[in-house]
file data_15.pdb (PDB, C-alpha atoms, pLDDT in the B column)
ATOM      1  CA  MET A 158       2.201  24.463  11.131  1.00 45.00           C
ATOM      2  CA  THR A 159      -0.838  25.009   8.925  1.00 47.00           C
ATOM      3  CA  THR A 160      -2.704  21.964   7.695  1.00 48.00           C
ATOM      4  CA  LEU A 161      -4.793  21.467   4.572  1.00 51.00           C
ATOM      5  CA  ASN A 162      -7.555  19.828   6.592  1.00 49.00           C
ATOM      6  CA  HIS A 163     -10.360  22.387   6.723  1.00 51.00           C
ATOM      7  CA  SER A 164     -12.819  20.308   8.754  1.00 54.00           C
ATOM      8  CA  SER A 165     -12.810  20.018  12.521  1.00 57.00           C
ATOM      9  CA  GLN A 166     -12.844  16.225  12.195  1.00 76.00           C
ATOM     10  CA  LYS A 167      -9.435  14.578  12.197  1.00 88.00           C
ATOM     11  CA  LYS A 168      -8.766  12.388   9.204  1.00 95.00           C
ATOM     12  CA  SER A 169      -7.544   8.840   8.961  1.00 97.00           C
ATOM     13  CA  LEU A 170      -5.044   7.714   6.371  1.00 98.00           C
ATOM     14  CA  VAL A 171      -5.868   4.527   4.475  1.00 97.00           C
ATOM     15  CA  ILE A 172      -3.441   2.530   2.346  1.00 96.00           C
ATOM     16  CA  THR A 173      -5.286   0.003   0.223  1.00 93.00           C
ATOM     17  CA  GLY A 174      -5.279  -1.762  -3.114  1.00 87.00           C
ATOM     18  CA  VAL A 175      -6.984  -0.489  -6.241  1.00 83.00           C
ATOM     19  CA  ASN A 176     -10.262  -2.384  -5.746  1.00 85.00           C
ATOM     20  CA  GLU A 177     -12.991   0.235  -5.227  1.00 84.00           C
ATOM     21  CA  ASP A 178     -15.160  -2.313  -3.360  1.00 85.00           C
ATOM     22  CA  THR A 179     -12.741  -2.132  -0.428  1.00 87.00           C
ATOM     23  CA  ARG A 180     -13.890   1.417   0.380  1.00 83.00           C
ATOM     24  CA  LEU A 181     -17.186   0.245   1.875  1.00 83.00           C
ATOM     25  CA  LEU A 182     -15.317  -1.965   4.332  1.00 89.00           C
ATOM     26  CA  VAL A 183     -12.853   0.845   5.022  1.00 93.00           C
ATOM     27  CA  GLN A 184     -15.690   3.088   6.169  1.00 92.00           C
ATOM     28  CA  LYS A 185     -17.129   0.319   8.358  1.00 91.00           C
ATOM     29  CA  ILE A 186     -13.785  -0.524   9.985  1.00 94.00           C
ATOM     30  CA  THR A 187     -12.578   3.051  10.528  1.00 94.00           C
ATOM     31  CA  ASN A 188     -16.035   4.335  11.480  1.00 92.00           C
ATOM     32  CA  LYS A 189     -15.374   7.391   9.305  1.00 93.00           C
ATOM     33  CA  LYS A 190     -17.107   9.009   6.350  1.00 92.00           C
ATOM     34  CA  LEU A 191     -15.293   9.017   3.014  1.00 91.00           C
ATOM     35  CA  GLU A 192     -14.638  12.750   3.328  1.00 93.00           C
ATOM     36  CA  ASP A 193     -12.766  12.074   6.591  1.00 95.00           C
ATOM     37  CA  LEU A 194     -10.417   9.590   4.936  1.00 96.00           C
ATOM     38  CA  VAL A 195      -7.281  10.154   2.924  1.00 97.00           C
ATOM     39  CA  ILE A 196      -7.058   7.075   0.713  1.00 96.00           C
ATOM     40  CA  LEU A 197      -3.837   6.044  -1.011  1.00 96.00           C
ATOM     41  CA  SER A 198      -4.139   3.173  -3.478  1.00 92.00           C
ATOM     42  CA  SER A 199      -1.373   0.864  -4.615  1.00 89.00           C
ATOM     43  CA  PHE A 200      -1.362  -2.452  -6.470  1.00 84.00           C
ATOM     44  CA  GLY A 201      -1.268  -5.066  -3.729  1.00 79.00           C
ATOM     45  CA  SER A 202      -1.081  -2.404  -0.998  1.00 82.00           C
ATOM     46  CA  VAL A 203       2.695  -2.787  -1.096  1.00 86.00           C
ATOM     47  CA  ILE A 204       5.007  -0.185   0.414  1.00 90.00           C
ATOM     48  CA  SER A 205       8.118  -1.407  -1.350  1.00 85.00           C
ATOM     49  CA  GLN A 206      10.646   1.206  -0.291  1.00 86.00           C
ATOM     50  CA  PRO A 207      11.076   3.281   2.879  1.00 91.00           C
ATOM     51  CA  PHE A 208      11.835   6.376   0.810  1.00 92.00           C
ATOM     52  CA  GLY A 209       9.708   5.625  -2.258  1.00 90.00           C
ATOM     53  CA  CYS A 210       6.736   7.548  -3.634  1.00 93.00           C
ATOM     54  CA  LEU A 211       4.064   5.810  -1.565  1.00 95.00           C
ATOM     55  CA  MET A 212       5.988   6.354   1.672  1.00 96.00           C
ATOM     56  CA  ARG A 213       6.495  10.010   0.693  1.00 97.00           C
ATOM     57  CA  ASN A 214       2.728  10.373   0.271  1.00 96.00           C
ATOM     58  CA  ILE A 215       2.130   8.744   3.662  1.00 97.00           C
ATOM     59  CA  ILE A 216       4.572  11.141   5.333  1.00 97.00           C
ATOM     60  CA  LEU A 217       3.105  14.217   3.642  1.00 97.00           C
ATOM     61  CA  ALA A 218      -0.453  13.178   4.492  1.00 96.00           C
ATOM     62  CA  THR A 219       0.416  12.824   8.179  1.00 96.00           C
ATOM     63  CA  TYR A 220       1.818  16.351   8.310  1.00 94.00           C
ATOM     64  CA  LYS A 221      -0.718  18.091   6.053  1.00 94.00           C
ATOM     65  CA  GLU A 222      -4.002  16.411   6.954  1.00 93.00           C
ATOM     66  CA  ASP A 223      -3.937  16.103  10.772  1.00 89.00           C
ATOM     67  CA  ILE A 224      -4.043  12.302  10.618  1.00 96.00           C
ATOM     68  CA  ASP A 225      -5.281  10.481  13.738  1.00 95.00           C
ATOM     69  CA  GLY A 226      -4.606   6.933  12.537  1.00 97.00           C
ATOM     70  CA  ILE A 227      -3.102   4.955   9.669  1.00 98.00           C
ATOM     71  CA  TYR A 228      -4.978   1.932   8.335  1.00 98.00           C
ATOM     72  CA  ILE A 229      -3.273  -0.557   6.043  1.00 97.00           C
ATOM     73  CA  PHE A 230      -5.625  -2.875   4.164  1.00 95.00           C
ATOM     74  CA  GLY A 231      -4.910  -5.973   2.140  1.00 92.00           C
ATOM     75  CA  GLU A 232      -7.369  -8.203   0.323  1.00 89.00           C
ATOM     76  CA  ASN A 233      -7.423 -11.959   0.489  1.00 82.00           C
ATOM     77  CA  THR A 234      -9.683 -12.068  -2.576  1.00 68.00           C
ATOM     78  CA  SER A 235      -8.062  -9.500  -4.766  1.00 56.00           C
ATOM     79  CA  VAL A 236      -8.619  -8.261  -8.295  1.00 50.00           C
ATOM     80  CA  GLU A 237      -4.883  -7.640  -8.177  1.00 54.00           C
ATOM     81  CA  GLU A 238      -3.935 -11.314  -8.064  1.00 60.00           C
ATOM     82  CA  ALA A 239      -0.233 -11.878  -8.398  1.00 62.00           C
ATOM     83  CA  MET A 240       1.043 -12.346 -11.920  1.00 68.00           C
ATOM     84  CA  SER A 241       3.637 -15.049 -12.427  1.00 78.00           C
ATOM     85  CA  LYS A 242       7.109 -13.832 -13.287  1.00 80.00           C
ATOM     86  CA  GLU A 243       6.924 -15.772 -16.542  1.00 84.00           C
ATOM     87  CA  LYS A 244       3.668 -14.047 -17.561  1.00 86.00           C
ATOM     88  CA  LEU A 245       5.105 -10.701 -16.475  1.00 86.00           C
ATOM     89  CA  VAL A 246       8.191 -11.179 -18.678  1.00 87.00           C
ATOM     90  CA  GLU A 247       5.958 -12.283 -21.541  1.00 90.00           C
ATOM     91  CA  ASN A 248       3.792  -9.152 -21.213  1.00 91.00           C
ATOM     92  CA  ILE A 249       6.801  -6.842 -20.891  1.00 91.00           C
ATOM     93  CA  GLN A 250       8.552  -8.343 -23.897  1.00 91.00           C
ATOM     94  CA  ALA A 251       5.325  -8.246 -25.930  1.00 94.00           C
ATOM     95  CA  THR A 252       5.475  -4.455 -25.674  1.00 94.00           C
ATOM     96  CA  GLY A 253       8.949  -4.422 -27.196  1.00 93.00           C
ATOM     97  CA  VAL A 254      11.169  -4.358 -24.112  1.00 92.00           C
ATOM     98  CA  ALA A 255      14.161  -6.571 -24.866  1.00 91.00           C
ATOM     99  CA  GLU A 256      15.370  -9.283 -22.492  1.00 88.00           C
ATOM    100  CA  GLU A 257      18.727  -7.478 -22.417  1.00 90.00           C
ATOM    101  CA  VAL A 258      17.041  -4.452 -20.830  1.00 91.00           C
ATOM    102  CA  LEU A 259      15.685  -6.657 -18.024  1.00 88.00           C
ATOM    103  CA  LYS A 260      19.110  -8.232 -17.527  1.00 86.00           C
ATOM    104  CA  THR A 261      20.747  -4.795 -17.421  1.00 88.00           C
ATOM    105  CA  LEU A 262      18.270  -3.527 -14.817  1.00 85.00           C
ATOM    106  CA  ASN A 263      18.994  -6.574 -12.652  1.00 80.00           C
ATOM    107  CA  TYR A 264      22.746  -6.128 -13.133  1.00 81.00           C
ATOM    108  CA  ILE A 265      22.776  -2.474 -12.063  1.00 82.00           C
ATOM    109  CA  ASP A 266      20.847  -3.463  -8.930  1.00 77.00           C
ATOM    110  CA  VAL A 267      17.825  -1.241  -9.405  1.00 73.00           C
ATOM    111  CA  VAL A 268      15.853  -3.315  -6.896  1.00 76.00           C
ATOM    112  CA  ASN A 269      18.080  -5.901  -5.195  1.00 73.00           C
ATOM    113  CA  HIS A 270      18.985  -7.702  -8.418  1.00 74.00           C
ATOM    114  CA  ASP A 271      15.415  -8.960  -8.832  1.00 82.00           C
ATOM    115  CA  LEU A 272      13.344  -6.626 -10.975  1.00 83.00           C
ATOM    116  CA  LEU A 273      10.655  -9.230 -11.646  1.00 83.00           C
ATOM    117  CA  ASN A 274      10.189 -10.061  -7.966  1.00 82.00           C
ATOM    118  CA  TRP A 275       9.816  -6.357  -7.223  1.00 82.00           C
ATOM    119  CA  LEU A 276       7.240  -5.905 -10.000  1.00 83.00           C
ATOM    120  CA  ALA A 277       5.283  -9.076  -9.214  1.00 79.00           C
ATOM    121  CA  GLY A 278       5.172  -8.213  -5.521  1.00 78.00           C
ATOM    122  CA  PRO A 279       4.757 -10.504  -2.543  1.00 80.00           C
ATOM    123  CA  THR A 280       2.240 -13.333  -2.570  1.00 80.00           C
ATOM    124  CA  ASP A 281       1.549 -13.538   1.183  1.00 87.00           C
ATOM    125  CA  ILE A 282      -0.846 -10.645   1.783  1.00 89.00           C
ATOM    126  CA  LYS A 283      -0.877 -11.018   5.577  1.00 93.00           C
ATOM    127  CA  GLU A 284       2.933 -10.832   5.727  1.00 93.00           C
ATOM    128  CA  THR A 285       2.840  -7.840   3.380  1.00 92.00           C
ATOM    129  CA  ILE A 286       0.513  -6.015   5.771  1.00 95.00           C
ATOM    130  CA  LYS A 287       2.788  -6.844   8.728  1.00 96.00           C
ATOM    131  CA  THR A 288       5.842  -5.630   6.815  1.00 94.00           C
ATOM    132  CA  ASN A 289       4.035  -2.425   5.829  1.00 96.00           C
ATOM    133  CA  ILE A 290       3.015  -1.777   9.446  1.00 97.00           C
ATOM    134  CA  GLU A 291       6.613  -2.159  10.633  1.00 97.00           C
ATOM    135  CA  LEU A 292       7.963  -0.015   7.795  1.00 96.00           C
ATOM    136  CA  VAL A 293       5.577   2.842   8.576  1.00 98.00           C
ATOM    137  CA  LYS A 294       5.839   2.477  12.365  1.00 97.00           C
ATOM    138  CA  ASN A 295       9.643   2.553  12.313  1.00 97.00           C
ATOM    139  CA  HIS A 296      10.046   5.310   9.756  1.00 97.00           C
ATOM    140  CA  PRO A 297      11.933   8.241  11.302  1.00 97.00           C
ATOM    141  CA  LEU A 298       9.510  10.823   9.857  1.00 97.00           C
ATOM    142  CA  ILE A 299       6.279   9.222  11.059  1.00 97.00           C
ATOM    143  CA  LEU A 300       5.046  10.536  14.392  1.00 95.00           C
ATOM    144  CA  LYS A 301       5.161   7.843  17.061  1.00 96.00           C
ATOM    145  CA  THR A 302       1.828   9.106  18.428  1.00 96.00           C
ATOM    146  CA  ILE A 303      -0.101   7.996  15.321  1.00 98.00           C
ATOM    147  CA  PRO A 304      -1.515   4.492  15.743  1.00 98.00           C
ATOM    148  CA  ILE A 305      -1.117   2.096  12.814  1.00 98.00           C
ATOM    149  CA  TYR A 306      -3.628  -0.659  12.123  1.00 98.00           C
ATOM    150  CA  GLY A 307      -3.624  -3.548   9.680  1.00 97.00           C
ATOM    151  CA  TYR A 308      -6.575  -5.440   8.244  1.00 96.00           C
ATOM    152  CA  LEU A 309      -6.985  -8.355   5.891  1.00 94.00           C
ATOM    153  CA  VAL A 310     -10.374  -7.983   4.203  1.00 93.00           C
ATOM    154  CA  ASP A 311     -12.610 -10.115   2.038  1.00 91.00           C
ATOM    155  CA  VAL A 312     -14.715  -7.758  -0.079  1.00 87.00           C
ATOM    156  CA  GLU A 313     -16.950 -10.594  -1.258  1.00 88.00           C
ATOM    157  CA  THR A 314     -18.109 -11.610   2.232  1.00 91.00           C
ATOM    158  CA  GLY A 315     -17.488  -8.352   4.115  1.00 89.00           C
ATOM    159  CA  GLU A 316     -15.380 -10.193   6.684  1.00 92.00           C
ATOM    160  CA  PHE A 317     -12.076  -8.869   7.965  1.00 94.00           C
ATOM    161  CA  ASP A 318      -9.282  -9.865  10.317  1.00 95.00           C
ATOM    162  CA  VAL A 319      -6.979  -7.653  12.345  1.00 96.00           C
ATOM    163  CA  VAL A 320      -3.323  -8.038  11.374  1.00 96.00           C
ATOM    164  CA  SER A 321      -0.688  -7.039  13.906  1.00 89.00           C
TER     165      SER A 321
END
call {"tool": "encode", "arguments": {"input": "data_15.pdb", "output": "structure tokens"}}
result
Amino acid sequence: MTTLNHSSQKKSLVITGVNEDTRLLVQKITNKKLEDLVILSSFGSVISQPFGCLMRNIILATYKEDIDGIYIFGENTSVEEAMSKEKLVENIQATGVAEEVLKTLNYIDVVNHDLLNWLAGPTDIKETIKTNIELVKNHPLILKTIPIYGYLVDVETGEFDVVS
């Protein structure tokens, strides 16, 4: 199989939030240059579905970029702080989306009858990282030979903890 990776250096795959400041810690933790990283960003670093878009990108990256490790990062001081469901509904309705639309989406079970919980995302970042690790590790299309690491980082202090 041909890969898109044109360098001799294997790449690492990084799943992180949207805070650009995290990238400096990513380089420190992975001991890789930015050009040797494939970085996927997601609000809250949440992999919400085993066959969703983010998981698809993870799978494709592992097969196309000769990935030697997957790193999942979460921030304990995040610019992506969780929005309350009430504030979320308020913001959605302020754009003209009717409450009936939200009720209909819950009724048809788009995301386990809880659209707002899905949008707001989890509040326990450490548990989210653990869940993401298990989801990726146990996915049938992810090679079992690729190690998966989890880190909880504080971009303000530069400190980080291993999550397993």
call {"tool": "resolve_selection", "arguments": {"input": "data_15.pdb", "expression": "the PyMOL selection byres ((chain A and resi 309-317) around 10)", "output": "list in words"}}
result
Asn176, Glu177, Asp178, Thr179, Arg180, Leu181, Leu182, Val183, Lys185, Ile186, Ile229, Phe230, Gly231, Glu232, Asn233, Thr234, Ser235, Ile282, Lys283, Ile286, Gly307, Tyr308, Asp318, Val319 and Val320 of chain A
call {"tool": "residues_near_point", "arguments": {"input": "data_15.pdb", "point": "(3.8, -10.9, -2.4)", "cutoff": "12 Å", "atoms": "only C-alpha atoms", "output": "ChimeraX atom specification"}}
result
/A:200-205,231-233,237-242,273-289
call {"tool": "atom_distance", "arguments": {"input": "data_15.pdb", "atom1": "atom CA of A:Lys167", "atom2": "atom CA of A:Pro207"}}
result
25.2 Å
call {"tool": "atom_distance", "arguments": {"input": "data_15.pdb", "atom1": "atom CA of A:Gly209", "atom2": "atom CA of A:Leu170"}}
result
17.2 Å
call {"tool": "axis_aligned_box", "arguments": {"input": "data_15.pdb", "around": "stretch 313-318 of chain A", "padding_each_side": "4 Å", "output": "lines of an AutoDock Vina configuration file"}}
result
center_x = -13.7
center_y = -10.0
center_z = 4.5
size_x = 16.8
size_y = 11.3
size_z = 19.6
call {"tool": "resolve_selection", "arguments": {"input": "data_15.pdb", "expression": "the PyMOL selection byres ((chain A and resi 216) around 10)", "output": "compact mmCIF listing (two decimals) with C-alpha atoms, in the frame of the given file"}}
result
# COMPACT_ATOMS: atom_id res chain seq x y z
CA PHE A 208 11.84 6.38 0.81
CA CYS A 210 6.74 7.55 -3.63
CA LEU A 211 4.06 5.81 -1.56
CA MET A 212 5.99 6.35 1.67
CA ARG A 213 6.50 10.01 0.69
CA ASN A 214 2.73 10.37 0.27
CA ILE A 215 2.13 8.74 3.66
CA LEU A 217 3.10 14.22 3.64
CA ALA A 218 -0.45 13.18 4.49
CA THR A 219 0.42 12.82 8.18
CA TYR A 220 1.82 16.35 8.31
CA LYS A 221 -0.72 18.09 6.05
CA VAL A 293 5.58 2.84 8.58
CA HIS A 296 10.05 5.31 9.76
CA PRO A 297 11.93 8.24 11.30
CA LEU A 298 9.51 10.82 9.86
CA ILE A 299 6.28 9.22 11.06
CA LEU A 300 5.05 10.54 14.39
call {"tool": "residues_around", "arguments": {"input": "data_15.pdb", "residues": "A:Gly226", "least_positions_apart": "4", "cutoff": "6 Å", "atoms": "all atoms listed in the file", "output": "list in words"}}
result
Ser169, Ile303, Pro304 and Ile305 of chain A
call {"tool": "write_last_selection", "arguments": {"input": "data_15.pdb", "atoms": "C-alpha atoms", "output": "CSV table (one decimal), keeping the file's coordinate frame"}}
result
chain,number,residue,atom,x,y,z
A,169,SER,CA,-7.5,8.8,9.0
A,303,ILE,CA,-0.1,8.0,15.3
A,304,PRO,CA,-1.5,4.5,15.7
A,305,ILE,CA,-1.1,2.1,12.8
call {"tool": "atom_distance", "arguments": {"input": "data_15.pdb", "atom1": "atom CA of A:Val175", "atom2": "atom CA of A:Ile196"}}
result
10.3 Å
call {"tool": "decode", "arguments": {"input": "data_15.pdb", "residues": "stretch 206-289 of chain A", "atoms": "C-alpha atoms", "output": "mmCIF file, in the first residue's frame"}}
result
data_model
loop_
_atom_site.group_PDB
_atom_site.id
_atom_site.type_symbol
_atom_site.label_atom_id
_atom_site.label_comp_id
_atom_site.auth_asym_id
_atom_site.auth_seq_id
_atom_site.Cartn_x
_atom_site.Cartn_y
_atom_site.Cartn_z
ATOM 1 C CA GLN A 206 -19.158 8.172 17.574
ATOM 2 C CA PRO A 207 -17.199 5.064 16.557
ATOM 3 C CA PHE A 208 -18.117 5.617 12.911
ATOM 4 C CA GLY A 209 -18.327 9.420 12.881
ATOM 5 C CA CYS A 210 -16.224 11.913 10.934
ATOM 6 C CA LEU A 211 -13.433 12.256 13.489
ATOM 7 C CA MET A 212 -13.024 8.485 13.789
ATOM 8 C CA ARG A 213 -12.993 8.240 9.979
ATOM 9 C CA ASN A 214 -10.150 10.772 9.883
ATOM 10 C CA ILE A 215 -8.241 8.819 12.537
ATOM 11 C CA ILE A 216 -8.613 5.594 10.547
ATOM 12 C CA LEU A 217 -7.568 7.203 7.261
ATOM 13 C CA ALA A 218 -4.562 8.891 8.866
ATOM 14 C CA THR A 219 -3.310 5.580 10.261
ATOM 15 C CA TYR A 220 -3.409 3.960 6.826
ATOM 16 C CA LYS A 221 -2.186 6.906 4.736
ATOM 17 C CA GLU A 222 0.461 8.512 6.934
ATOM 18 C CA ASP A 223 2.434 5.577 8.407
ATOM 19 C CA ILE A 224 1.422 6.484 11.961
ATOM 20 C CA ASP A 225 3.637 5.164 14.777
ATOM 21 C CA GLY A 226 1.498 6.362 17.689
ATOM 22 C CA ILE A 227 -1.798 8.050 18.514
ATOM 23 C CA TYR A 228 -1.854 10.792 21.145
ATOM 24 C CA ILE A 229 -5.127 12.011 22.612
ATOM 25 C CA PHE A 230 -4.920 15.326 24.455
ATOM 26 C CA GLY A 231 -7.425 17.052 26.681
ATOM 27 C CA GLU A 232 -7.076 20.367 28.470
ATOM 28 C CA ASN A 233 -7.940 20.988 32.077
ATOM 29 C CA THR A 234 -7.871 24.745 31.454
ATOM 30 C CA SER A 235 -9.678 24.972 28.183
ATOM 31 C CA VAL A 236 -10.854 27.804 25.970
ATOM 32 C CA GLU A 237 -13.579 25.338 25.043
ATOM 33 C CA GLU A 238 -15.242 25.378 28.456
ATOM 34 C CA ALA A 239 -18.504 23.510 28.512
ATOM 35 C CA MET A 240 -21.579 25.554 27.729
ATOM 36 C CA SER A 241 -24.629 24.895 29.865
ATOM 37 C CA LYS A 242 -27.525 23.232 28.098
ATOM 38 C CA GLU A 243 -29.689 26.233 28.937
ATOM 39 C CA LYS A 244 -27.218 28.659 27.317
ATOM 40 C CA LEU A 245 -26.866 26.314 24.349
ATOM 41 C CA VAL A 246 -30.648 26.246 23.804
ATOM 42 C CA GLU A 247 -30.755 30.021 24.181
ATOM 43 C CA ASN A 248 -28.029 30.479 21.543
ATOM 44 C CA ILE A 249 -29.616 27.972 19.157
ATOM 45 C CA GLN A 250 -33.058 29.527 19.464
ATOM 46 C CA ALA A 251 -31.601 33.032 19.065
ATOM 47 C CA THR A 252 -30.571 32.020 15.547
ATOM 48 C CA GLY A 253 -34.149 31.094 14.692
ATOM 49 C CA VAL A 254 -34.186 27.354 15.368
ATOM 50 C CA ALA A 255 -37.557 26.553 16.923
ATOM 51 C CA GLU A 256 -37.924 24.503 20.103
ATOM 52 C CA GLU A 257 -40.058 22.073 18.083
ATOM 53 C CA VAL A 258 -37.045 21.286 15.887
ATOM 54 C CA LEU A 259 -35.011 20.353 18.980
ATOM 55 C CA LYS A 260 -37.864 18.201 20.278
ATOM 56 C CA THR A 261 -38.186 16.475 16.898
ATOM 57 C CA LEU A 262 -34.455 15.714 16.760
ATOM 58 C CA ASN A 263 -34.644 14.181 20.240
ATOM 59 C CA TYR A 264 -37.757 12.203 19.292
ATOM 60 C CA ILE A 265 -36.220 10.661 16.168
ATOM 61 C CA ASP A 266 -33.229 9.589 18.272
ATOM 62 C CA VAL A 267 -30.511 11.358 16.328
ATOM 63 C CA VAL A 268 -28.120 11.002 19.268
ATOM 64 C CA ASN A 269 -29.630 8.834 22.017
ATOM 65 C CA HIS A 270 -32.601 11.125 22.624
ATOM 66 C CA ASP A 271 -30.341 13.840 24.044
ATOM 67 C CA LEU A 272 -29.265 16.305 21.380
ATOM 68 C CA LEU A 273 -28.201 18.944 23.902
ATOM 69 C CA ASN A 274 -26.023 16.536 25.880
ATOM 70 C CA TRP A 275 -24.334 15.480 22.648
ATOM 71 C CA LEU A 276 -23.709 19.098 21.616
ATOM 72 C CA ALA A 277 -22.571 20.276 25.054
ATOM 73 C CA GLY A 278 -20.217 17.321 25.399
ATOM 74 C CA PRO A 279 -18.856 15.702 28.532
ATOM 75 C CA THR A 280 -17.632 17.782 31.450
ATOM 76 C CA ASP A 281 -15.071 15.334 32.882
ATOM 77 C CA ILE A 282 -12.077 15.764 30.576
ATOM 78 C CA LYS A 283 -10.060 12.917 32.112
ATOM 79 C CA GLU A 284 -12.940 10.465 31.600
ATOM 80 C CA THR A 285 -13.366 11.768 28.050
ATOM 81 C CA ILE A 286 -9.722 10.975 27.305
ATOM 82 C CA LYS A 287 -10.111 7.470 28.779
ATOM 83 C CA THR A 288 -13.258 6.875 26.729
ATOM 84 C CA ASN A 289 -11.521 8.119 23.575
#
